[in-house]
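Accompanying notes for the structure given below.
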Amino acid sequence: MHSILRILAAVYDWLTEECKDKHKNCGANPGWPQSWCDSAHQYVLDNCPAFCGLCSECTLCSRFVRMN
């Protein structure tokens, strides 16, 4: 039972995680330019969701949509 609660807590944390940049190079000068917010630079998309315009008002909604 405790392991199920831990799994549910981890899923809830993942679903409600704040959408923010995770790397100092997001939009920095010098750093990663906005033109790198494409599929050829997946590490920029993964680390700079706010800088790349991937955040929505409903982070929970966007996470759910990506899961389906």
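So you can find residues: chains in the structure tokens are A, B, ... in the order shown, residues in each start at 1, and ligands are numbered from 1 in order.
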
Fewer than 4 positions away in the same chain doesn't count, so skip those; otherwise give me all residues within 7 Å of region 24-36 of chain A, counting only C-alpha atoms, as a ChimeraX atom specification.
/A:41,44,48,51-52

Just checking: using only C-alpha atoms, which residue out of A:Ala10, A:Ser3, A:Cys37, A:Asn47 ends up closest to His23 (chain A)?
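Among A:Ala10, A:Ser3, A:Cys37, A:Asn47, it is A:Asn47 that comes nearest to His23 (chain A).
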
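Atom to atom, CA of Gln42 (chain A) and CA of Cys19 (chain A) stand 16.4 Å apart.
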
By how many Å are CA of Tyr43 (chain A) and CA of Glu18 (chain A) apart?
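According to the coordinates, CA of Tyr43 (chain A) and CA of Glu18 (chain A) are separated by 18.2 Å.
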
Write down as a count of residues only the residues belonging to region 28-58 of chain A that are assigned helix (DSSP H, G or I) by DSSP computed on the backbone.
12

Expressed in Å to a single decimal, how great is the separation between CA of Asp21 (chain A) and CA of Ala40 (chain A)?
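Distance between the two atoms: 18.4 Å.
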